[in-house]
file final.txt (compact mmCIF, C-alpha atoms)
# COMPACT_ATOMS: atom_id res chain seq x y z
CA MET A 1 -64.36 -92.96 -12.09
CA LYS A 2 -62.18 -90.58 -14.02
CA ARG A 3 -65.18 -88.99 -15.72
CA ARG A 4 -66.80 -88.40 -12.38
CA LEU A 5 -63.65 -86.75 -11.01
CA ILE A 6 -63.33 -84.55 -14.08
CA SER A 7 -66.97 -83.52 -13.79
CA VAL A 8 -66.49 -82.54 -10.16
CA ILE A 9 -63.42 -80.44 -11.02
CA LEU A 10 -65.19 -78.67 -13.90
CA PHE A 11 -68.18 -77.94 -11.66
CA ALA A 12 -65.91 -76.48 -9.01
CA VAL A 13 -64.15 -74.26 -11.55
CA VAL A 14 -67.42 -73.00 -12.99
CA ALA A 15 -68.81 -72.37 -9.53
CA ALA A 16 -65.69 -70.40 -8.58
CA LEU A 17 -65.93 -68.23 -11.71
CA VAL A 18 -69.59 -67.54 -11.13
CA SER A 19 -69.09 -66.69 -7.47
CA SER A 20 -66.13 -64.40 -8.18
CA THR A 21 -68.11 -62.59 -10.89
CA LEU A 22 -71.08 -62.09 -8.59
CA LEU A 23 -68.80 -60.85 -5.79
CA TYR A 24 -67.06 -58.36 -8.09
CA ASN A 25 -70.37 -57.00 -9.35
CA LEU A 26 -71.61 -56.71 -5.80
CA ILE A 27 -68.56 -54.80 -4.61
CA SER A 28 -68.36 -52.52 -7.62
CA GLY A 29 -72.06 -51.77 -7.47
CA SER A 30 -72.04 -50.87 -3.79
CA SER A 31 -68.88 -48.66 -3.83
CA PRO A 32 -69.25 -45.00 -5.02
CA ARG A 33 -67.35 -43.94 -8.07
CA ALA A 34 -64.11 -42.15 -7.49
CA ALA A 35 -65.00 -38.49 -7.18
CA LYS A 36 -63.18 -36.18 -9.54
CA ALA A 37 -60.69 -33.90 -7.75
CA LYS A 38 -61.98 -30.36 -7.44
CA THR A 39 -59.81 -27.52 -8.73
CA SER A 40 -59.99 -23.74 -8.71
CA THR A 41 -58.30 -20.95 -10.65
CA VAL A 42 -55.21 -19.67 -8.83
CA LEU A 43 -53.01 -16.70 -9.73
CA VAL A 44 -49.34 -17.52 -10.35
CA ALA A 45 -46.27 -15.54 -11.40
CA ALA A 46 -45.92 -15.37 -15.16
CA ARG A 47 -42.15 -14.83 -14.81
CA ASP A 48 -39.49 -14.68 -12.12
CA LEU A 49 -40.13 -11.67 -9.86
CA ASP A 50 -37.64 -10.11 -7.47
CA ALA A 51 -38.40 -8.96 -3.95
CA GLY A 52 -39.63 -5.36 -3.85
CA ALA A 53 -41.01 -5.40 -7.41
CA LEU A 54 -44.48 -4.06 -8.13
CA VAL A 55 -46.72 -6.72 -9.65
CA GLY A 56 -48.01 -5.67 -13.06
CA ASP A 57 -50.85 -7.03 -15.14
CA THR A 58 -48.47 -8.97 -17.39
CA ASP A 59 -46.73 -10.52 -14.37
CA VAL A 60 -49.82 -12.56 -13.40
CA GLY A 61 -50.96 -15.85 -14.94
CA THR A 62 -53.60 -18.41 -13.99
CA VAL A 63 -53.54 -22.18 -13.47
CA GLU A 64 -56.00 -24.78 -12.23
CA TRP A 65 -54.93 -25.69 -8.70
CA PRO A 66 -56.32 -28.48 -6.51
CA VAL A 67 -58.67 -27.19 -3.85
CA VAL A 68 -57.24 -27.71 -0.38
CA GLU A 69 -58.98 -26.66 2.80
CA GLY A 70 -57.32 -23.55 4.20
CA SER A 71 -55.39 -22.87 1.01
CA PRO A 72 -53.88 -19.32 1.05
CA TRP A 73 -53.60 -18.93 -2.73
CA MET A 74 -55.17 -15.87 -4.28
CA GLY A 75 -57.61 -15.97 -7.18
CA GLN A 76 -58.65 -12.35 -7.74
CA LYS A 77 -56.34 -10.41 -10.04
CA SER A 78 -57.37 -7.09 -8.51
CA ASP A 79 -55.95 -8.27 -5.16
CA VAL A 80 -52.49 -8.82 -6.66
CA VAL A 81 -51.81 -6.20 -9.35
CA GLY A 82 -50.18 -3.02 -8.02
CA ARG A 83 -48.83 -4.55 -4.81
CA ALA A 84 -45.16 -5.05 -3.95
CA LEU A 85 -43.53 -8.40 -3.33
CA LEU A 86 -42.00 -9.02 0.08
CA MET A 87 -39.98 -12.00 -1.20
CA PRO A 88 -38.86 -13.37 -4.57
CA LEU A 89 -41.38 -15.38 -6.58
CA ALA A 90 -40.41 -17.97 -9.20
CA LYS A 91 -42.29 -18.47 -12.46
CA GLY A 92 -45.41 -20.59 -11.92
CA GLU A 93 -45.41 -20.07 -8.15
CA PRO A 94 -48.80 -19.00 -6.75
CA PHE A 95 -49.42 -15.66 -5.03
CA ALA A 96 -50.25 -15.61 -1.32
CA PRO A 97 -51.21 -12.68 0.94
CA GLY A 98 -48.12 -13.20 3.09
CA ARG A 99 -45.86 -12.63 0.09
CA LEU A 100 -47.33 -9.25 -0.82
CA ALA A 101 -47.04 -5.86 0.84
CA ALA A 102 -50.16 -4.16 2.10
CA LYS A 103 -52.32 -2.39 -0.44
CA GLY A 104 -51.31 1.19 -1.03
CA SER A 105 -47.73 0.73 0.14
CA SER A 106 -44.98 1.66 -2.30
CA GLY A 107 -42.74 -0.87 -3.92
CA GLY A 108 -39.01 -1.20 -3.79
CA LEU A 109 -36.92 -1.63 -0.68
CA ALA A 110 -39.28 0.34 1.55
CA SER A 111 -41.92 -2.38 1.44
CA GLN A 112 -39.42 -4.93 2.78
CA ILE A 113 -38.30 -2.99 5.86
CA PRO A 114 -39.65 -4.69 9.01
CA PRO A 115 -41.87 -2.56 11.22
CA GLY A 116 -39.91 -0.48 13.72
CA MET A 117 -36.66 -0.70 11.74
CA ARG A 118 -34.81 1.78 9.55
CA VAL A 119 -32.36 1.53 6.64
CA VAL A 120 -29.28 3.80 6.59
CA PRO A 121 -26.86 3.88 3.61
CA VAL A 122 -23.14 3.66 4.30
CA HIS A 123 -20.54 4.50 1.64
CA VAL A 124 -17.50 2.24 1.67
CA ASP A 125 -14.11 2.82 0.07
CA GLU A 126 -13.67 0.13 -2.60
CA LEU A 127 -9.91 0.20 -2.13
CA THR A 128 -10.30 -1.67 1.15
CA GLY A 129 -11.27 -4.81 -0.80
CA LEU A 130 -13.83 -5.98 1.79
CA SER A 131 -16.72 -4.51 -0.18
CA ARG A 132 -16.46 -7.40 -2.65
CA PHE A 133 -17.32 -9.92 0.06
CA ILE A 134 -20.28 -8.17 1.70
CA PHE A 135 -23.70 -9.27 0.44
CA PRO A 136 -27.29 -8.67 1.62
CA GLY A 137 -28.16 -10.77 4.64
CA MET A 138 -24.64 -10.77 6.08
CA HIS A 139 -23.83 -9.22 9.44
CA VAL A 140 -21.20 -6.56 10.07
CA ASP A 141 -19.78 -4.34 12.80
CA VAL A 142 -19.43 -0.60 12.26
CA ILE A 143 -16.18 1.12 13.28
CA SER A 144 -15.88 4.90 13.50
CA THR A 145 -12.46 6.56 13.15
CA GLY A 146 -11.94 10.25 13.84
CA SER A 147 -9.43 12.69 15.26
CA SER A 148 -9.49 15.04 18.22
CA GLN A 149 -7.08 17.66 19.53
CA ALA A 150 -6.75 15.93 22.89
CA GLN A 151 -6.35 12.27 21.82
CA GLY A 152 -5.37 12.40 18.17
CA VAL A 153 -6.76 9.59 15.97
CA VAL A 154 -9.43 7.52 17.78
CA SER A 155 -11.20 4.32 16.58
CA ARG A 156 -14.10 2.56 18.29
CA THR A 157 -16.90 0.08 17.46
CA ILE A 158 -20.20 1.96 17.51
CA LEU A 159 -22.58 -0.78 16.22
CA GLN A 160 -22.35 -4.58 16.34
CA ASN A 161 -24.07 -7.47 14.57
CA ILE A 162 -25.89 -5.25 12.04
CA GLU A 163 -27.63 -6.91 9.09
CA VAL A 164 -26.83 -5.72 5.56
CA PHE A 165 -30.23 -4.99 4.04
CA SER A 166 -29.10 -4.39 0.46
CA ALA A 167 -26.05 -3.36 -1.54
CA GLY A 168 -25.51 -1.14 -4.54
CA GLN A 169 -23.40 1.65 -5.99
CA SER A 170 -23.59 5.40 -5.77
CA ALA A 171 -22.31 7.54 -8.63
CA LEU A 172 -20.00 10.29 -7.45
CA ALA A 173 -20.24 13.82 -8.73
CA ALA A 174 -16.85 13.67 -10.42
CA LYS A 175 -17.10 11.80 -13.69
CA GLU A 176 -13.50 10.71 -13.61
CA GLN A 177 -14.07 8.74 -10.41
CA ALA A 178 -15.61 5.28 -10.32
CA ALA A 179 -18.87 4.40 -8.61
CA GLN A 180 -18.61 3.99 -4.85
CA PRO A 181 -20.11 0.92 -3.12
CA VAL A 182 -23.07 1.62 -0.84
CA PHE A 183 -24.40 -0.79 1.78
CA ASN A 184 -27.83 -0.21 3.33
CA LEU A 185 -27.80 -1.32 6.97
CA LEU A 186 -30.92 -2.44 8.83
CA VAL A 187 -30.92 -0.65 12.20
CA THR A 188 -33.24 0.59 14.91
CA PRO A 189 -34.13 4.32 15.09
CA GLN A 190 -31.64 4.80 17.95
CA GLN A 191 -28.89 3.06 16.00
CA ALA A 192 -29.73 5.18 12.96
CA GLU A 193 -29.04 8.34 14.99
CA VAL A 194 -25.69 7.01 16.20
CA LEU A 195 -24.70 5.94 12.69
CA SER A 196 -25.77 9.21 11.07
CA GLN A 197 -23.76 11.24 13.60
CA ALA A 198 -20.68 9.09 13.02
CA ILE A 199 -21.01 9.43 9.24
CA ALA A 200 -21.12 13.22 9.53
CA GLN A 201 -18.14 13.51 11.91
CA SER A 202 -15.76 10.65 11.13
CA ARG A 203 -14.76 7.90 8.72
CA ILE A 204 -16.89 4.73 8.71
CA GLN A 205 -15.60 1.22 8.10
CA LEU A 206 -17.55 -2.08 7.98
CA VAL A 207 -16.10 -5.22 9.57
CA LEU A 208 -17.49 -8.57 8.38
CA ARG A 209 -18.44 -11.04 11.10
CA ASN A 210 -19.77 -14.58 11.39
CA PRO A 211 -23.60 -14.51 11.54
CA LEU A 212 -23.52 -17.29 14.14
CA ASP A 213 -21.39 -15.15 16.45
CA LYS A 214 -23.85 -13.34 18.72
CA SER A 215 -21.31 -12.00 21.20
CA ASN A 216 -20.83 -8.26 21.67
CA ILE A 217 -17.75 -6.52 22.94
CA ILE A 218 -17.42 -3.41 25.04
CA SER A 219 -15.68 -0.99 22.75
CA GLU A 220 -13.13 1.36 24.24
CA ALA A 221 -11.70 4.21 22.27
CA PHE A 222 -8.41 3.17 20.73
CA THR A 223 -5.75 5.84 20.44
CA PRO A 224 -2.56 4.96 18.60
CA PRO A 225 0.61 5.56 20.63
CA ALA A 226 2.01 9.02 20.30
CA PRO A 227 5.31 9.27 18.45
CA ALA A 228 8.44 9.38 20.60
CA PRO A 229 9.52 12.90 21.46
CA ARG A 230 12.23 14.16 19.22
CA THR A 231 15.55 14.89 20.93
CA PRO A 232 16.48 18.52 20.35
CA ARG A 233 19.54 18.92 18.24
CA VAL A 234 22.41 20.42 20.22
CA LEU A 235 24.55 22.73 18.14
CA PRO A 236 28.24 23.26 18.98
CA PRO A 237 29.05 26.57 20.62
CA ALA A 238 29.87 29.33 18.22
CA PRO A 239 33.51 30.38 18.13
CA LYS A 240 34.36 33.42 20.21
CA VAL A 241 35.01 36.43 18.01
CA GLU A 242 37.47 38.96 19.36
CA PRO A 243 36.43 42.55 18.77
CA VAL A 244 38.51 44.40 16.22
CA LYS A 245 40.48 47.29 17.77
CA GLN A 246 40.22 50.44 15.74
CA ALA A 247 43.22 52.82 15.49
CA VAL A 248 42.75 56.19 17.17
CA VAL A 249 43.53 59.03 14.81
CA VAL A 250 45.03 62.05 16.62
CA ALA A 251 44.39 65.34 14.94
CA PRO A 252 47.48 67.62 14.54
CA PRO A 253 47.62 70.64 16.86
CA VAL A 254 46.12 73.81 15.54
CA PRO A 255 48.80 76.35 14.81
CA PRO A 256 48.46 79.60 16.74
CA ALA A 257 46.89 82.50 14.95
CA PRO A 258 49.39 85.01 13.53
CA PRO A 259 49.74 88.30 15.44
CA PRO A 260 48.00 91.33 13.98
CA THR A 261 50.04 93.50 11.65
CA ILE A 262 49.88 96.98 10.13
CA GLU A 263 50.70 97.52 6.53
CA VAL A 264 52.10 101.03 5.60
CA ILE A 265 52.68 101.98 1.98
CA HIS A 266 54.95 105.01 1.12
CA GLY A 267 54.92 105.52 -2.58
CA ASN A 268 56.24 102.37 -4.00
CA LYS A 269 57.37 100.99 -0.65
CA ARG A 270 55.26 98.63 1.43
CA VAL A 271 56.09 98.17 5.08
CA VAL A 272 54.37 95.58 7.34
CA SER A 273 54.80 96.05 11.05
CA PRO A 274 53.40 93.89 13.88
CA VAL A 275 51.04 95.48 16.29
CA ALA A 276 51.87 95.06 19.88
CA PRO A 277 48.89 93.93 22.01
CA GLY A 278 47.52 96.64 24.19
CA PRO A 279 46.70 96.31 27.89
CA GLU A 280 43.61 94.17 28.66
CA SER A 281 40.72 96.07 29.94
CA HIS A 282 39.16 95.02 33.21

call {"tool": "encode", "arguments": {"input": "final.txt", "output": "structure tokens"}}
result
Amino acid sequence: MKRRLISVILFAVVAALVSSTLLYNLISGSSPRAAKAKTSTVLVAARDLDAGALVGDTDVGTVEWPVVEGSPWMGQKSDVVGRALLMPLAKGEPFAPGRLAAKGSSGGLASQIPPGMRVVPVHVDELTGLSRFIFPGMHVDVISTGSSQAQGVVSRTILQNIEVFSAGQSALAAKEQAAQPVFNLLVTPQQAEVLSQAIAQSRIQLVLRNPLDKSNIISEAFTPPAPAPRTPRVLPPAPKVEPVKQAVVVAPPVPPAPPPTIEVIHGNKRVVSPVAPGPESH
């Protein structure tokens, strides 16, 4: 009885092994082999590249990249070399048409300016301290301060919520002076005219603002209060000076002229006799 039971169990085990082997062979024979993933040669950055840089021959490397339908990656080196980058590119990151400026356009900041916009440089006094906290991408307001004969010193906000395109330094002509911070502002052509006129006629100051603050204010010219009128100084009256009386000098009377005389000499005698006046003639 036990032998019969053992024989049945062994037969069942063998039958299970045989059936599982046949089933595995059937499934593996009917299923296609896993297809090898297709790849293509893609151009990547050989080093970290900044926005605005011109792509050189040594800046481009190649890697095998999986082929994906609709992939934008570029594979021809001639389509990449000599073009400017619109955004930074990390080492090993593939090139795409949307990250490159159009062929024939110059590199540098000009290739990054959006269509219809302009970039105007603004010199800022470093002594204000705010220049250390302004970075590209931040938003600022522009305040113009000038003087006029009628109103004196006047300040007003001429532009609001302006994006800082880039920042740098401008060397002044005088060697003894330090470099002056320069901020390039992204503006429309109309705003560029307003800003250029203000730069030529007044002093410009940048005011940092929260980029989430989209509100604009109506700027009215601010004139500082005029100084209080000075009270004229009243001087005490001058003391009255009496005129000095001068003494009158009276001239002595003129003595009368002596009467005419006649002098007669007789030898050694000299006789002087007065002459009596004769009758007046009419």

call {"tool": "residues_near_point", "arguments": {"input": "final.txt", "point": "(-24.6, -15.7, 15.6)", "cutoff": "12 Å", "atoms": "only C-alpha atoms", "output": "ChimeraX atom specification"}}
result
/A:138-140,160-163,209-216

call {"tool": "closest_residue", "arguments": {"input": "final.txt", "among": "A:Val241, A:Val153, A:Val248, A:Val119", "to": "Thr188 of chain A", "atoms": "only C-alpha atoms"}}
result
A:Val119

call {"tool": "closest_residue", "arguments": {"input": "final.txt", "among": "A:Leu43, A:Ile217, A:Ala257, A:Leu159", "to": "Ile204 of chain A", "atoms": "all atoms listed in the file"}}
result
A:Leu159

call {"tool": "residues_around", "arguments": {"input": "final.txt", "residues": "Val67 of chain A", "least_positions_apart": "6", "cutoff": "7 Å", "atoms": "only C-alpha atoms", "output": "list in words"}}
result
Lys38, Thr39 and Ser40 of chain A

call {"tool": "closest_residue", "arguments": {"input": "final.txt", "among": "A:Ala90, A:Leu208, A:Leu100, A:Ile262", "to": "Gly137 of chain A", "atoms": "all atoms listed in the file"}}
result
A:Leu208

call {"tool": "atom_distance", "arguments": {"input": "final.txt", "atom1": "atom CA of Leu130 of chain A", "atom2": "atom CA of Leu206 of chain A"}}
result
8.2 Å

call {"tool": "closest_residue", "arguments": {"input": "final.txt", "among": "A:Pro72, A:Gly61, A:Pro181, A:Pro239", "to": "Pro121 of chain A", "atoms": "all atoms listed in the file"}}
result
A:Pro181

call {"tool": "residues_around", "arguments": {"input": "final.txt", "residues": "Val60 of chain A", "least_positions_apart": "4", "cutoff": "8 Å", "atoms": "all atoms listed in the file", "output": "list in words"}}
result
Leu43, Val44, Ala45, Ala46, Val55, Gly56, Lys77 and Val81 of chain A

call {"tool": "write_last_selection", "arguments": {"input": "final.txt", "atoms": "C-alpha atoms", "output": "short mmCIF file (atom, residue, chain, number, x, y, z; two decimals), in the frame of the given file"}}
result
data_model
loop_
_atom_site.label_atom_id
_atom_site.label_comp_id
_atom_site.auth_asym_id
_atom_site.auth_seq_id
_atom_site.Cartn_x
_atom_site.Cartn_y
_atom_site.Cartn_z
CA LEU A 43 -53.01 -16.70 -9.73
CA VAL A 44 -49.34 -17.52 -10.35
CA ALA A 45 -46.27 -15.54 -11.40
CA ALA A 46 -45.92 -15.37 -15.16
CA VAL A 55 -46.72 -6.72 -9.65
CA GLY A 56 -48.01 -5.67 -13.06
CA LYS A 77 -56.34 -10.41 -10.04
CA VAL A 81 -51.81 -6.20 -9.35
#

call {"tool": "axis_aligned_box", "arguments": {"input": "final.txt", "around": "segment 62-67 of chain A", "padding_each_side": "8 Å", "output": "JSON"}}
result
{"center_x": -56.1, "center_y": -23.4, "center_z": -8.9, "size_x": 21.1, "size_y": 26.1, "size_z": 26.1}

call {"tool": "residues_around", "arguments": {"input": "final.txt", "residues": "segment 191-201 of chain A", "least_positions_apart": "5", "cutoff": "8 Å", "atoms": "all atoms listed in the file", "output": "ChimeraX atom specification"}}
result
/A:118-120,122,144,146,158-159

call {"tool": "atom_distance", "arguments": {"input": "final.txt", "atom1": "atom CA of Ala167 of chain A", "atom2": "atom CA of Asp48 of chain A"}}
result
20.5 Å

call {"tool": "residues_around", "arguments": {"input": "final.txt", "residues": "Leu49 of chain A", "least_positions_apart": "3", "cutoff": "7 Å", "atoms": "all atoms listed in the file", "output": "mmCIF file with C-alpha atoms, in the coordinates of the input"}}
result
data_model
loop_
_atom_site.group_PDB
_atom_site.id
_atom_site.type_symbol
_atom_site.label_atom_id
_atom_site.label_comp_id
_atom_site.auth_asym_id
_atom_site.auth_seq_id
_atom_site.Cartn_x
_atom_site.Cartn_y
_atom_site.Cartn_z
ATOM 1 C CA ALA A 53 -41.010 -5.400 -7.410
ATOM 2 C CA PRO A 88 -38.860 -13.370 -4.570
ATOM 3 C CA LEU A 89 -41.380 -15.380 -6.580
ATOM 4 C CA ALA A 90 -40.410 -17.970 -9.200
#
